[in-house]
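Dumped entry15.csv below, it's CSV, C-alpha atoms:
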chain,number,residue,atom,x,y,z
T,1,GLY,CA,-8.7,16.0,-0.1
T,2,GLU,CA,-5.6,14.2,1.1
T,3,ASN,CA,-3.0,13.8,-1.6
T,4,VAL,CA,0.5,12.5,-1.9
T,5,GLU,CA,2.6,13.4,-4.9
T,6,GLN,CA,5.6,11.3,-5.7
T,7,HIS,CA,8.4,11.9,-8.2
T,8,PRO,CA,10.1,10.9,-10.3
T,9,SER,CA,7.8,8.3,-11.9
T,10,THR,CA,10.9,6.5,-13.3
T,11,LEU,CA,14.5,6.5,-12.2
T,12,SER,CA,17.4,4.7,-13.8
T,13,VAL,CA,20.8,4.6,-12.0
T,14,GLN,CA,24.0,2.7,-12.4
T,15,GLU,CA,24.9,0.1,-9.8
T,16,GLY,CA,26.6,1.7,-6.9
T,17,ASP,CA,25.1,5.1,-7.4
T,18,SER,CA,22.5,6.7,-5.1
T,19,ALA,CA,18.8,7.0,-5.8
T,20,VAL,CA,16.5,9.6,-4.3
T,21,ILE,CA,12.7,9.6,-4.4
T,22,LYS,CA,10.7,12.5,-3.2
T,23,CYS,CA,7.1,12.8,-1.9
T,24,THR,CA,4.9,15.7,-0.9
T,25,TYR,CA,1.8,15.4,1.2
T,26,SER,CA,-1.1,17.8,1.5
T,27,ASP,CA,-2.5,17.2,5.0
T,28,SER,CA,-0.5,18.8,7.7
T,29,ALA,CA,-2.1,16.4,10.2
T,30,SER,CA,-0.3,13.5,8.7
T,31,ASN,CA,2.1,11.9,11.1
T,32,TYR,CA,3.2,8.6,9.7
T,33,PHE,CA,5.2,8.1,6.5
T,34,PRO,CA,6.1,4.6,5.3
T,35,TRP,CA,7.9,3.5,2.2
T,36,TYR,CA,7.0,0.3,0.4
T,37,LYS,CA,8.8,-1.7,-2.3
T,38,GLN,CA,6.8,-3.7,-4.8
T,39,GLU,CA,8.5,-6.3,-6.9
T,40,LEU,CA,6.9,-7.7,-10.0
T,41,GLY,CA,3.9,-10.0,-9.1
T,42,LYS,CA,4.2,-9.3,-5.4
T,43,GLY,CA,2.5,-7.2,-2.8
T,44,PRO,CA,4.0,-4.0,-1.4
T,45,GLN,CA,6.6,-4.7,1.3
T,46,LEU,CA,7.3,-2.1,4.0
T,47,ILE,CA,11.0,-1.2,3.9
T,48,ILE,CA,11.2,1.8,6.2
T,49,ASP,CA,9.0,4.3,7.9
T,50,ILE,CA,9.2,7.5,9.8
T,51,ARG,CA,7.0,9.3,12.3
T,52,SER,CA,6.4,13.0,12.5
T,53,ASN,CA,8.5,13.4,15.7
T,54,VAL,CA,11.7,12.3,13.8
T,55,GLY,CA,13.5,14.1,11.1
T,56,GLU,CA,15.6,11.3,9.7
T,57,LYS,CA,15.9,7.5,10.0
T,58,LYS,CA,18.4,5.2,8.6
T,59,ASP,CA,18.5,1.4,8.1
T,60,GLN,CA,21.7,0.2,6.4
T,61,ARG,CA,21.6,1.5,2.8
T,62,ILE,CA,18.2,3.1,3.1
T,63,ALA,CA,17.4,6.4,4.8
T,64,VAL,CA,14.3,8.5,5.0
T,65,THR,CA,14.1,12.2,5.7
T,66,LEU,CA,11.1,14.3,6.7
T,67,ASN,CA,10.6,18.0,6.5
T,68,LYS,CA,7.3,18.8,8.3
T,69,THR,CA,7.4,22.5,7.5
T,70,ALA,CA,7.6,21.9,3.8
T,71,LYS,CA,5.5,18.7,4.0
T,72,HIS,CA,7.8,16.5,2.1
T,73,PHE,CA,9.8,13.4,2.7
T,74,SER,CA,12.4,11.5,0.8
T,75,LEU,CA,13.8,8.0,0.4
T,76,HIS,CA,17.5,7.7,-0.1
T,77,ILE,CA,19.1,4.5,-1.3
T,78,THR,CA,22.9,4.4,-1.4
T,79,GLU,CA,25.2,1.9,-3.1
T,80,THR,CA,22.3,0.7,-5.2
T,81,GLN,CA,22.3,-2.9,-6.3
T,82,PRO,CA,20.3,-4.7,-9.2
T,83,GLU,CA,18.1,-6.3,-6.6
T,84,ASP,CA,16.9,-2.8,-5.6
T,85,SER,CA,15.1,-2.6,-8.9
T,86,ALA,CA,11.4,-2.4,-8.1
T,87,VAL,CA,8.5,0.1,-7.8
T,88,TYR,CA,8.7,2.2,-4.7
T,89,PHE,CA,5.7,3.8,-3.1
T,90,CYS,CA,5.6,6.5,-0.4
T,91,ALA,CA,2.5,6.9,1.8
T,92,ALA,CA,1.2,9.2,4.5
T,93,SER,CA,-1.4,8.8,7.2
T,94,LYS,CA,-2.7,10.6,10.2
T,95,GLY,CA,-3.3,8.7,13.4
T,96,THR,CA,-6.0,6.2,12.9
T,97,ASP,CA,-6.5,7.0,9.2
T,98,LYS,CA,-5.8,4.9,6.1
T,99,LEU,CA,-2.6,5.1,4.2
T,100,ILE,CA,-2.7,7.4,1.2
T,101,PHE,CA,-0.2,6.3,-1.4
T,102,GLY,CA,1.9,8.2,-4.0
T,103,THR,CA,1.8,7.1,-7.6
T,104,GLY,CA,5.0,5.1,-7.4
T,105,THR,CA,8.5,5.3,-8.8
T,106,ARG,CA,9.9,2.6,-11.0
T,107,LEU,CA,13.6,2.2,-10.1
T,108,GLN,CA,15.9,0.4,-12.4
T,109,VAL,CA,19.5,-0.3,-11.4
T,110,PHE,CA,21.8,-1.2,-14.2
T,111,PRO,CA,24.8,-3.5,-13.5
Y,1,ASP,CA,6.1,-13.7,3.7
Y,2,SER,CA,4.1,-10.9,5.3
Y,3,GLY,CA,1.7,-13.3,7.1
Y,4,VAL,CA,-1.3,-11.9,5.2
Y,5,THR,CA,-3.0,-14.5,3.0
Y,6,GLN,CA,-5.2,-13.6,0.1
Y,7,THR,CA,-7.2,-16.1,-2.0
Y,8,PRO,CA,-7.6,-16.7,-4.8
Y,9,LYS,CA,-4.3,-15.5,-6.4
Y,10,HIS,CA,-5.9,-15.2,-9.8
Y,11,LEU,CA,-9.5,-14.8,-10.9
Y,12,ILE,CA,-11.0,-14.6,-14.4
Y,13,THR,CA,-14.6,-13.8,-14.8
Y,14,ALA,CA,-17.1,-12.3,-17.2
Y,15,THR,CA,-18.7,-8.9,-17.1
Y,16,GLY,CA,-21.8,-8.8,-15.0
Y,17,GLN,CA,-20.7,-11.5,-12.6
Y,18,ARG,CA,-20.0,-11.3,-8.9
Y,19,VAL,CA,-16.8,-12.5,-7.1
Y,20,THR,CA,-15.6,-12.7,-3.6
Y,21,LEU,CA,-12.0,-12.1,-2.6
Y,22,ARG,CA,-10.8,-13.3,0.8
Y,23,CYS,CA,-8.2,-12.0,3.2
Y,24,SER,CA,-6.7,-13.6,6.3
Y,25,PRO,CA,-4.8,-11.0,8.3
Y,26,ARG,CA,-1.7,-11.6,10.3
Y,27,SER,CA,-2.3,-13.4,13.6
Y,28,GLY,CA,-3.4,-10.8,16.1
Y,29,ASP,CA,-4.0,-8.0,13.7
Y,30,LEU,CA,-7.3,-6.3,14.1
Y,31,SER,CA,-7.3,-3.9,11.2
Y,32,VAL,CA,-7.9,-4.9,7.6
Y,33,TYR,CA,-7.5,-2.6,4.6
Y,34,TRP,CA,-8.5,-3.2,1.0
Y,35,TYR,CA,-6.7,-1.5,-1.8
Y,36,GLN,CA,-7.1,-1.6,-5.6
Y,37,GLN,CA,-4.2,-1.3,-8.0
Y,38,SER,CA,-5.0,-0.9,-11.6
Y,39,LEU,CA,-2.4,-1.3,-14.4
Y,40,ASP,CA,0.4,1.2,-13.8
Y,41,GLN,CA,-1.6,2.9,-11.2
Y,42,GLY,CA,-0.9,3.5,-7.5
Y,43,LEU,CA,-2.7,1.9,-4.7
Y,44,GLN,CA,-6.3,3.3,-4.2
Y,45,PHE,CA,-7.8,2.8,-0.8
Y,46,LEU,CA,-11.2,1.1,-0.8
Y,47,ILE,CA,-12.2,0.4,2.8
Y,48,GLN,CA,-10.9,-0.4,6.3
Y,49,TYR,CA,-12.3,-2.7,9.0
Y,50,TYR,CA,-11.3,-2.8,12.6
Y,51,ASN,CA,-12.3,-5.7,14.8
Y,52,GLY,CA,-15.4,-6.3,12.7
Y,53,GLU,CA,-16.6,-2.8,12.2
Y,54,GLU,CA,-16.2,-0.5,9.2
Y,55,ARG,CA,-13.7,2.2,10.1
Y,56,ALA,CA,-13.0,4.1,7.0
Y,57,LYS,CA,-14.2,4.3,3.4
Y,58,GLY,CA,-12.4,5.4,0.4
Y,59,ASN,CA,-13.1,5.3,-3.3
Y,60,ILE,CA,-15.2,2.2,-3.1
Y,61,LEU,CA,-17.9,1.8,-5.7
Y,62,GLU,CA,-21.5,1.0,-4.6
Y,63,ARG,CA,-21.2,-2.3,-6.5
Y,64,PHE,CA,-18.4,-3.3,-4.1
Y,65,SER,CA,-18.9,-4.3,-0.5
Y,66,ALA,CA,-16.8,-5.8,2.3
Y,67,GLN,CA,-17.1,-7.3,5.7
Y,68,GLN,CA,-14.9,-8.6,8.5
Y,69,PHE,CA,-15.9,-11.7,10.3
Y,70,PRO,CA,-15.5,-12.6,14.0
Y,71,ASP,CA,-12.4,-14.6,13.3
Y,72,LEU,CA,-11.1,-11.3,11.7
Y,73,HIS,CA,-10.8,-12.6,8.1
Y,74,SER,CA,-12.3,-10.2,5.6
Y,75,GLU,CA,-14.1,-10.6,2.3
Y,76,LEU,CA,-14.4,-8.1,-0.5
Y,77,ASN,CA,-17.4,-8.6,-2.7
Y,78,LEU,CA,-17.4,-7.2,-6.2
Y,79,SER,CA,-20.7,-7.4,-8.2
Y,80,SER,CA,-22.0,-6.4,-11.7
Y,81,LEU,CA,-18.4,-6.6,-12.8
Y,82,GLU,CA,-17.2,-4.3,-15.6
Y,83,LEU,CA,-14.0,-4.5,-17.7
Y,84,GLY,CA,-12.6,-1.6,-15.8
Y,85,ASP,CA,-12.7,-3.5,-12.5
Y,86,SER,CA,-9.8,-5.6,-13.8
Y,87,ALA,CA,-7.0,-4.9,-11.3
Y,88,LEU,CA,-4.9,-6.2,-8.5
Y,89,TYR,CA,-6.7,-6.2,-5.2
Y,90,PHE,CA,-4.6,-6.1,-2.1
Y,91,CYS,CA,-5.5,-6.6,1.5
Y,92,ALA,CA,-3.3,-5.3,4.3
Y,93,SER,CA,-3.5,-5.7,8.0
Y,94,SER,CA,-2.1,-3.9,11.1
Y,95,PRO,CA,-2.3,-4.7,14.8
Y,96,ARG,CA,-4.3,-1.7,15.9
Y,97,ASP,CA,-5.7,1.4,14.4
Y,98,ARG,CA,-4.8,3.9,17.1
Y,99,PRO,CA,-2.1,5.1,16.5
Y,100,ILE,CA,-1.6,3.6,13.2
Y,101,THR,CA,1.2,1.1,13.0
Y,102,GLU,CA,2.9,-0.7,10.1
Y,103,ALA,CA,0.5,-2.2,7.6
Y,104,PHE,CA,1.5,-5.5,6.0
Y,105,PHE,CA,0.3,-6.4,2.6
Y,106,GLY,CA,-0.8,-9.8,1.1
Y,107,GLN,CA,0.3,-11.0,-2.3
Y,108,GLY,CA,-2.9,-9.7,-3.9
Y,109,THR,CA,-5.7,-11.2,-6.1
Y,110,ARG,CA,-5.4,-10.4,-9.7
Y,111,LEU,CA,-8.9,-10.0,-11.1
Y,112,THR,CA,-9.4,-10.1,-14.9
Y,113,VAL,CA,-12.9,-9.3,-16.2
Y,114,VAL,CA,-13.5,-10.4,-19.8
For this file, write the structure as structure tokens.
Amino acid sequence: GENVEQHPSTLSVQEGDSAVIKCTYSDSASNYFPWYKQELGKGPQLIIDIRSNVGEKKDQRIAVTLNKTAKHFSLHITETQPEDSAVYFCAASKGTDKLIFGTGTRLQVFP
Amino acid sequence: DSGVTQTPKHLITATGQRVTLRCSPRSGDLSVYWYQQSLDQGLQFLIQYYNGEERAKGNILERFSAQQFPDLHSELNLSSLELGDSALYFCASSPRDRPITEAFFGQGTRLTVV
């Protein structure tokens, strides 16, 4: 069935460094790839997304890249700040279908 | 604030009981999704409704059921509760289901079964 693998499961970086989280999806028909940030005690919040007709998208310190051939996509956070600390989830879907989530990455940014 | 409202925020109940979780989607959103998040687990898709009709089903137990009402709010019913049903239950909504657009999540209902 559909599957999204995400790694690493935990990531610790120094403030100001970059963080990269990678995901691989199994269904080649997937065409929508959002990233969510979940802070403690809160619901997941959409931070950036990319569609299959685009290879890269950037929003300030956050960027997402998509490699359709390899079926993987990545989240890049530059100049990390302590408030970036959270659990990040990638997801994939195809058209009208539900979002299939990765298992999450706990990012810790140390001052 | 995503605009998706879930009630209650917390729920403690005993094994064997039945509970109802409620979700009010963002104004104008027609699709509602339910997800389960167990401790240190990812988000498991349970079920989707679109404009009152069931659209997709995931790993939803037979003891669980859901519906979406004419005013588009949705309820998730969990019955014969077991300890393993303790989890965070999230509702998400999106404007339309074709093509899929951004899904916005509520704050979740934390269910504890004792």
Return as JSON, numbers by chain the residues belonging to chain Y that are within 10 Å of chain T, counting only C-alpha atoms. {"Y": [1, 2, 33, 34, 35, 40, 41, 42, 43, 44, 45, 46, 47, 48, 55, 56, 57, 58, 88, 89, 90, 91, 92, 96, 97, 98, 99, 100, 101, 102, 103, 104, 105, 106, 107, 108, 109, 110]}
Non-local contacts of Glu82 of chain Y (10 Å; only C-alpha atoms; under 2 positions in same chain excluded) as a short mmCIF file (atom, residue, chain, number, x, y, z; two decimals) with C-alpha atoms, in the frame of the given file:
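Produced file selection.cif, reproduced below:
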data_model
loop_
_atom_site.label_atom_id
_atom_site.label_comp_id
_atom_site.auth_asym_id
_atom_site.auth_seq_id
_atom_site.Cartn_x
_atom_site.Cartn_y
_atom_site.Cartn_z
CA THR Y 13 -14.60 -13.80 -14.80
CA ALA Y 14 -17.10 -12.30 -17.20
CA THR Y 15 -18.70 -8.90 -17.10
CA GLY Y 16 -21.80 -8.80 -15.00
CA GLN Y 17 -20.70 -11.50 -12.60
CA LEU Y 78 -17.40 -7.20 -6.20
CA SER Y 79 -20.70 -7.40 -8.20
CA SER Y 80 -22.00 -6.40 -11.70
CA GLY Y 84 -12.60 -1.60 -15.80
CA ASP Y 85 -12.70 -3.50 -12.50
CA SER Y 86 -9.80 -5.60 -13.80
CA THR Y 112 -9.40 -10.10 -14.90
CA VAL Y 113 -12.90 -9.30 -16.20
CA VAL Y 114 -13.50 -10.40 -19.80
#
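When all atoms listed in the file are used to compute distances to Lys68 of chain T, the closest of the residues T:Val54, T:Leu40, T:Val20, T:Val109 turns out to be T:Val54.
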Length of the atom CA of Asp59 of chain T to atom CA of Cys90 of chain T vector [Å]: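 Atom-to-atom, atom CA of Asp59 of chain T to atom CA of Cys90 of chain T, that is 16.3 Å.
The gap separating atom CA of Leu76 of chain Y from atom CA of Phe64 of chain Y is 7.2 Å, in Å to one decimal.
The shortest atom-to-atom distance to Val4 of chain Y, with only C-alpha atoms taken into account, belongs to Y:Ser74 out of Y:Tyr49, Y:Ser74, Y:Leu81, Y:Ala66.
In this structure, atom CA of Glu53 of chain Y sits 20.2 Å away from atom CA of Gln36 of chain Y.
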Just need segment 20-48 of chain Y in a file, please: N, CA, C and O atoms, as a short mmCIF file (atom, residue, chain, number, x, y, z; two decimals), in the first residue's frame.
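What ended up in out02.cif:
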data_model
loop_
_atom_site.label_atom_id
_atom_site.label_comp_id
_atom_site.auth_asym_id
_atom_site.auth_seq_id
_atom_site.Cartn_x
_atom_site.Cartn_y
_atom_site.Cartn_z
N THR Y 20 -17.99 10.42 21.95
CA THR Y 20 -18.17 11.12 20.68
C THR Y 20 -17.28 12.34 20.65
O THR Y 20 -17.30 13.17 21.56
N LEU Y 21 -16.47 12.43 19.59
CA LEU Y 21 -15.60 13.57 19.39
C LEU Y 21 -16.22 14.42 18.29
O LEU Y 21 -16.70 13.90 17.28
N ARG Y 22 -16.12 15.73 18.48
CA ARG Y 22 -16.78 16.63 17.54
C ARG Y 22 -15.77 17.52 16.83
O ARG Y 22 -14.77 17.94 17.43
N CYS Y 23 -16.07 17.81 15.57
CA CYS Y 23 -15.18 18.67 14.77
C CYS Y 23 -16.01 19.65 13.96
O CYS Y 23 -16.94 19.25 13.25
N SER Y 24 -15.66 20.91 14.06
CA SER Y 24 -16.26 21.94 13.20
C SER Y 24 -15.20 22.40 12.22
O SER Y 24 -14.18 22.96 12.63
N PRO Y 25 -15.39 22.18 10.93
CA PRO Y 25 -14.37 22.56 9.95
C PRO Y 25 -14.31 24.07 9.77
O PRO Y 25 -15.15 24.80 10.27
N ARG Y 26 -13.30 24.52 9.06
CA ARG Y 26 -13.19 25.93 8.70
C ARG Y 26 -14.41 26.31 7.86
O ARG Y 26 -14.95 25.49 7.12
N SER Y 27 -14.79 27.55 7.98
CA SER Y 27 -15.94 28.04 7.23
C SER Y 27 -15.73 27.81 5.74
O SER Y 27 -14.70 28.21 5.17
N GLY Y 28 -16.67 27.12 5.12
CA GLY Y 28 -16.58 26.89 3.68
C GLY Y 28 -15.91 25.60 3.28
O GLY Y 28 -16.00 25.19 2.12
N ASP Y 29 -15.20 24.97 4.21
CA ASP Y 29 -14.53 23.71 3.87
C ASP Y 29 -15.54 22.58 3.81
O ASP Y 29 -16.39 22.44 4.69
N LEU Y 30 -15.42 21.75 2.78
CA LEU Y 30 -16.37 20.66 2.58
C LEU Y 30 -15.83 19.31 3.02
O LEU Y 30 -16.60 18.39 3.29
N SER Y 31 -14.51 19.19 3.04
CA SER Y 31 -13.89 17.91 3.41
C SER Y 31 -13.46 17.90 4.86
O SER Y 31 -12.89 18.88 5.35
N VAL Y 32 -13.72 16.79 5.51
CA VAL Y 32 -13.26 16.58 6.88
C VAL Y 32 -12.52 15.26 6.95
O VAL Y 32 -12.98 14.26 6.39
N TYR Y 33 -11.35 15.28 7.58
CA TYR Y 33 -10.54 14.08 7.75
C TYR Y 33 -10.35 13.83 9.25
O TYR Y 33 -10.17 14.78 10.01
N TRP Y 34 -10.33 12.57 9.62
CA TRP Y 34 -10.01 12.20 11.00
C TRP Y 34 -8.70 11.40 11.02
O TRP Y 34 -8.52 10.48 10.20
N TYR Y 35 -7.83 11.77 11.96
CA TYR Y 35 -6.56 11.09 12.12
C TYR Y 35 -6.38 10.70 13.60
O TYR Y 35 -6.85 11.40 14.50
N GLN Y 36 -5.68 9.61 13.81
CA GLN Y 36 -5.34 9.16 15.15
C GLN Y 36 -3.82 9.26 15.32
O GLN Y 36 -3.06 8.84 14.44
N GLN Y 37 -3.40 9.81 16.45
CA GLN Y 37 -1.97 9.90 16.75
C GLN Y 37 -1.73 9.30 18.12
O GLN Y 37 -2.06 9.89 19.15
N SER Y 38 -1.13 8.12 18.13
CA SER Y 38 -0.79 7.48 19.39
C SER Y 38 0.55 8.01 19.86
O SER Y 38 1.26 8.68 19.12
N LEU Y 39 0.91 7.69 21.11
CA LEU Y 39 2.13 8.21 21.71
C LEU Y 39 3.32 7.92 20.82
O LEU Y 39 3.58 6.79 20.44
N ASP Y 40 4.06 8.99 20.49
CA ASP Y 40 5.27 8.86 19.67
C ASP Y 40 5.02 8.18 18.33
O ASP Y 40 5.92 7.60 17.74
N GLN Y 41 3.81 8.28 17.86
CA GLN Y 41 3.48 7.70 16.56
C GLN Y 41 3.14 8.80 15.58
O GLN Y 41 2.89 9.93 15.94
N GLY Y 42 3.13 8.43 14.34
CA GLY Y 42 2.72 9.37 13.30
C GLY Y 42 1.21 9.50 13.27
O GLY Y 42 0.50 9.03 14.16
N LEU Y 43 0.74 10.15 12.25
CA LEU Y 43 -0.69 10.39 12.09
C LEU Y 43 -1.29 9.31 11.20
O LEU Y 43 -0.96 9.20 10.02
N GLN Y 44 -2.20 8.53 11.77
CA GLN Y 44 -2.84 7.46 11.03
C GLN Y 44 -4.20 7.92 10.54
O GLN Y 44 -5.06 8.31 11.33
N PHE Y 45 -4.41 7.85 9.24
CA PHE Y 45 -5.66 8.28 8.65
C PHE Y 45 -6.78 7.31 9.01
O PHE Y 45 -6.63 6.09 8.90
N LEU Y 46 -7.89 7.85 9.46
CA LEU Y 46 -9.03 7.01 9.82
C LEU Y 46 -10.12 7.06 8.75
O LEU Y 46 -10.51 6.03 8.21
N ILE Y 47 -10.60 8.26 8.45
CA ILE Y 47 -11.74 8.37 7.54
C ILE Y 47 -11.88 9.79 7.03
O ILE Y 47 -11.43 10.74 7.67
N GLN Y 48 -12.46 9.93 5.84
CA GLN Y 48 -12.70 11.24 5.23
C GLN Y 48 -14.16 11.35 4.81
O GLN Y 48 -14.73 10.41 4.27
#
